[in-house]
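Colleague: This is start.cif (mmCIF, C-alpha atoms and all ligand atoms).
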```
data_input
#
loop_
_atom_site.label_atom_id
_atom_site.label_comp_id
_atom_site.auth_asym_id
_atom_site.auth_seq_id
_atom_site.Cartn_x
_atom_site.Cartn_y
_atom_site.Cartn_z
CA MET A 1 -3.13 -21.74 18.26
CA PRO A 2 -1.68 -19.06 16.01
CA ILE A 3 -2.43 -15.41 16.49
CA TYR A 4 -3.21 -13.40 13.40
CA GLU A 5 -3.30 -9.69 13.06
CA TYR A 6 -6.13 -7.92 11.30
CA TRP A 7 -6.90 -4.35 10.42
CA CYS A 8 -10.36 -3.08 11.39
CA SER A 9 -11.27 -0.03 9.31
CA PRO A 10 -14.26 1.14 11.45
CA CYS A 11 -12.04 1.02 14.55
CA GLN A 12 -9.01 2.28 12.63
CA LYS A 13 -6.84 -0.10 14.55
CA LYS A 14 -5.05 -3.38 14.51
CA VAL A 15 -6.61 -6.33 16.29
CA SER A 16 -4.85 -9.54 17.19
CA LEU A 17 -7.04 -12.62 17.14
CA TYR A 18 -6.72 -16.32 17.47
CA GLN A 19 -7.71 -18.25 14.43
CA ARG A 20 -8.05 -21.94 13.95
CA GLY A 21 -6.28 -23.39 10.97
CA PHE A 22 -6.82 -21.95 7.55
CA SER A 23 -10.32 -20.70 8.01
CA SER A 24 -11.45 -18.73 5.00
CA SER A 25 -13.44 -16.14 6.93
CA PRO A 26 -11.78 -14.01 9.59
CA PRO A 27 -13.40 -13.71 13.02
CA PRO A 28 -15.39 -10.53 13.69
CA CYS A 29 -13.79 -7.53 15.35
CA PRO A 30 -14.08 -7.87 19.15
CA HIS A 31 -14.60 -4.12 19.47
CA CYS A 32 -17.26 -3.32 16.91
CA GLY A 33 -18.30 -6.67 15.43
CA ASN A 34 -17.07 -5.74 11.98
CA SER A 35 -16.66 -8.92 9.96
CA GLN A 36 -14.69 -7.29 7.15
CA LEU A 37 -11.35 -7.49 8.89
CA LYS A 38 -8.33 -7.36 6.66
CA ARG A 39 -5.54 -9.72 7.37
CA ILE A 40 -2.22 -8.09 8.16
CA PHE A 41 0.73 -10.24 7.36
CA SER A 42 3.29 -7.99 8.89
CA THR A 43 3.20 -4.22 9.15
CA PHE A 44 6.96 -4.13 9.00
CA SER A 45 7.46 -6.34 6.03
CA MET A 46 4.49 -4.74 4.27
CA HIS A 47 6.05 -1.29 4.53
CA LYS A 48 9.32 -2.66 3.37
CA THR A 49 7.60 -4.39 0.49
CA TYR A 50 5.79 -1.24 -0.66
CA LYS A 51 8.89 0.84 -0.28
CA ASP A 52 10.81 -1.67 -2.31
CA VAL A 53 8.06 -1.77 -4.90
CA TYR A 54 8.07 2.01 -5.26
CA GLU A 55 11.83 2.09 -5.38
CA ASP A 56 11.67 -0.58 -8.01
CA ILE A 57 9.05 1.20 -10.10
CA LEU A 58 10.65 4.61 -9.84
CA SER A 59 14.09 3.29 -10.65
CA ASP A 60 12.68 1.59 -13.73
CA ARG A 61 12.89 4.33 -16.33
CA GLU A 62 11.02 2.35 -18.93
CA LEU A 63 8.10 1.83 -16.59
CA THR A 64 7.91 5.42 -15.33
CA GLN A 65 8.18 6.72 -18.90
CA GLY A 66 5.43 4.31 -19.90
CA MET A 67 3.27 5.67 -17.08
CA VAL A 68 3.90 9.25 -18.16
CA HIS A 69 2.92 8.37 -21.71
CA ASN A 70 -0.18 6.37 -20.74
CA ASP A 71 1.28 3.15 -21.97
CA PRO A 72 -1.19 0.38 -21.06
CA ARG A 73 1.69 -2.06 -20.70
CA ALA A 74 3.03 0.14 -17.92
CA LEU A 75 -0.32 -0.11 -16.13
CA ILE A 76 -0.24 -3.87 -16.38
CA GLU A 77 3.32 -3.91 -15.11
CA TRP A 78 2.38 -1.50 -12.31
CA ASN A 79 -0.55 -3.66 -11.22
CA LYS A 80 1.60 -6.73 -11.32
CA ARG A 81 4.23 -5.13 -9.14
CA MET A 82 1.79 -3.48 -6.78
CA SER A 83 -0.27 -6.58 -6.13
CA GLY A 84 2.84 -8.57 -5.24
CA GLY A 85 0.78 -11.20 -3.43
CA GLU A 86 -0.38 -8.85 -0.66
CA GLU A 87 -3.40 -6.61 -0.42
CA ALA A 88 -2.82 -2.96 -1.11
CA GLY A 89 -3.95 -0.30 1.32
CA PRO A 90 -6.76 2.16 0.51
CA GLU A 91 -4.38 4.81 -0.79
CA TYR A 92 -2.96 2.37 -3.29
CA GLU A 93 -6.42 1.38 -4.37
CA GLU A 94 -7.06 5.06 -4.97
CA ILE A 95 -3.97 5.34 -7.11
CA THR A 96 -4.97 2.25 -9.04
CA GLU A 97 -8.50 3.61 -9.52
CA ARG A 98 -7.16 6.86 -10.87
CA MET A 99 -4.93 4.96 -13.23
CA GLU A 100 -7.88 2.93 -14.43
CA ARG A 101 -9.61 6.20 -15.26
CA GLY A 102 -6.66 7.08 -17.45
CA GLU A 103 -4.90 9.33 -14.97
CA TRP A 104 -1.32 8.73 -14.01
CA PRO A 105 -0.81 10.13 -10.53
CA VAL A 106 2.95 10.17 -10.74
CA GLU A 107 3.11 13.00 -8.21
CA GLN A 108 1.02 11.00 -5.77
CA ILE A 109 3.26 8.02 -6.28
CA GLN A 110 6.30 10.14 -5.61
CA GLU A 111 4.64 11.57 -2.50
CA LYS A 112 4.15 8.02 -1.29
CA ARG A 113 7.76 7.32 -1.96
CA LYS A 114 8.78 10.32 0.12
CA GLU A 115 6.63 9.05 2.97
CA PHE A 116 8.46 5.78 2.90
CA LEU A 117 11.86 7.35 2.65
CA GLY A 118 11.19 9.74 5.50
CA GLU A 119 10.79 13.47 5.81
CA GLU A 120 14.40 14.56 5.19
CA GLU A 121 14.29 14.02 1.48
CA ALA A 122 10.76 15.41 1.14
CA LYS A 123 11.26 18.88 2.60
CA PRO A 124 14.00 21.31 1.76
CA LYS A 125 16.15 22.19 4.76
CA SER A 126 15.91 25.93 4.13
CA ALA A 127 12.13 25.81 4.55
CA THR A 128 12.28 24.93 8.24
CA SER A 129 12.36 27.70 10.81
CA GLU A 130 12.98 26.25 14.21
ZN ZN B 201 -13.63 -2.94 14.96
#
```
Give the structure from the file, written as structure tokens.

Modeller:
Amino acid sequence: MPIYEYWCSPCQKKVSLYQRGFSSSPPPCPHCGNSQLKRIFSTFSMHKTYKDVYEDILSDRELTQGMVHNDPRALIEWNKRMSGGEEAGPEYEEITERMERGEWPVEQIQEKRKEFLGEEEAKPKSATSE
């Protein structure tokens, strides 16, 4: 029987559960009984995917310019790239929500990118005092 990994938001942790076949509804969380578990395909590949998506978006000048200029085609393109077949995390939903309200959180997107790329690029070396 295959083991699937789920994310339980009330518990704020990953739970591994057995699941029979392609059942449409996930089993409840064994810790809190939450039945709204989100399927995790692979934490590793998911991070890689998002990083790649951000890299892709930010390296696409046409798309980033479109976002800066509130081009609706850029939003469509963004959504298309962000959905990518996997569910987005809450912070991405927030970004998408803001974009739907007509905001373009480019800074937030770039912050996310820094998170994925690691700290080195994000903070200037002169700022540290160790
Ligand atoms: Zn739980």

Colleague: For the interface of chain A with ligand ZN 201 (chain B) (cut-off 10 Å, counting only C-alpha atoms and all ligand atoms), please tabulate each contacting residue of chain A alongside its nearest pair of atoms and their separation in Å to one decimal, rows sorted by chain and increasing number, as JSON lines.

Modeller:
```
{"residue": "A:Tyr6", "atom": "CA", "partner": "B:ZN201", "partner_atom": "ZN", "distance": 9.7}
{"residue": "A:Trp7", "atom": "CA", "partner": "B:ZN201", "partner_atom": "ZN", "distance": 8.2}
{"residue": "A:Cys8", "atom": "CA", "partner": "B:ZN201", "partner_atom": "ZN", "distance": 4.8}
{"residue": "A:Ser9", "atom": "CA", "partner": "B:ZN201", "partner_atom": "ZN", "distance": 6.8}
{"residue": "A:Pro10", "atom": "CA", "partner": "B:ZN201", "partner_atom": "ZN", "distance": 5.4}
{"residue": "A:Cys11", "atom": "CA", "partner": "B:ZN201", "partner_atom": "ZN", "distance": 4.3}
{"residue": "A:Gln12", "atom": "CA", "partner": "B:ZN201", "partner_atom": "ZN", "distance": 7.3}
{"residue": "A:Lys13", "atom": "CA", "partner": "B:ZN201", "partner_atom": "ZN", "distance": 7.4}
{"residue": "A:Lys14", "atom": "CA", "partner": "B:ZN201", "partner_atom": "ZN", "distance": 8.6}
{"residue": "A:Val15", "atom": "CA", "partner": "B:ZN201", "partner_atom": "ZN", "distance": 7.9}
{"residue": "A:Pro28", "atom": "CA", "partner": "B:ZN201", "partner_atom": "ZN", "distance": 7.9}
{"residue": "A:Cys29", "atom": "CA", "partner": "B:ZN201", "partner_atom": "ZN", "distance": 4.6}
{"residue": "A:Pro30", "atom": "CA", "partner": "B:ZN201", "partner_atom": "ZN", "distance": 6.5}
{"residue": "A:His31", "atom": "CA", "partner": "B:ZN201", "partner_atom": "ZN", "distance": 4.8}
{"residue": "A:Cys32", "atom": "CA", "partner": "B:ZN201", "partner_atom": "ZN", "distance": 4.1}
{"residue": "A:Gly33", "atom": "CA", "partner": "B:ZN201", "partner_atom": "ZN", "distance": 6.0}
{"residue": "A:Asn34", "atom": "CA", "partner": "B:ZN201", "partner_atom": "ZN", "distance": 5.3}
{"residue": "A:Ser35", "atom": "CA", "partner": "B:ZN201", "partner_atom": "ZN", "distance": 8.4}
{"residue": "A:Gln36", "atom": "CA", "partner": "B:ZN201", "partner_atom": "ZN", "distance": 9.0}
{"residue": "A:Leu37", "atom": "CA", "partner": "B:ZN201", "partner_atom": "ZN", "distance": 7.9}
```

Colleague: Considering only C-alpha atoms, can you say which of A:Asp56, A:Glu5, A:Val106, A:Glu111 comes closest to His69 of chain A?

Modeller: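 Of all the options, A:Val106 lies closest to His69 of chain A.
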
Colleague: One number please: atom CA of Arg73 of chain A to atom CA of Glu115 of chain A, in Å, one decimal.

Modeller: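 A separation of 26.6 Å between them.
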
Colleague: For segment 67-78 of chain A, take all atoms listed in the file, fit an axis-aligned box around them, add 4 Å to each of the six sides, then output centre and edge lengths in Å rounded to one decimal, as lines of an AutoDock Vina configuration file.

Modeller:
```
center_x = 1.4
center_y = 2.7
center_z = -17.1
size_x = 13.1
size_y = 21.2
size_z = 17.7
```
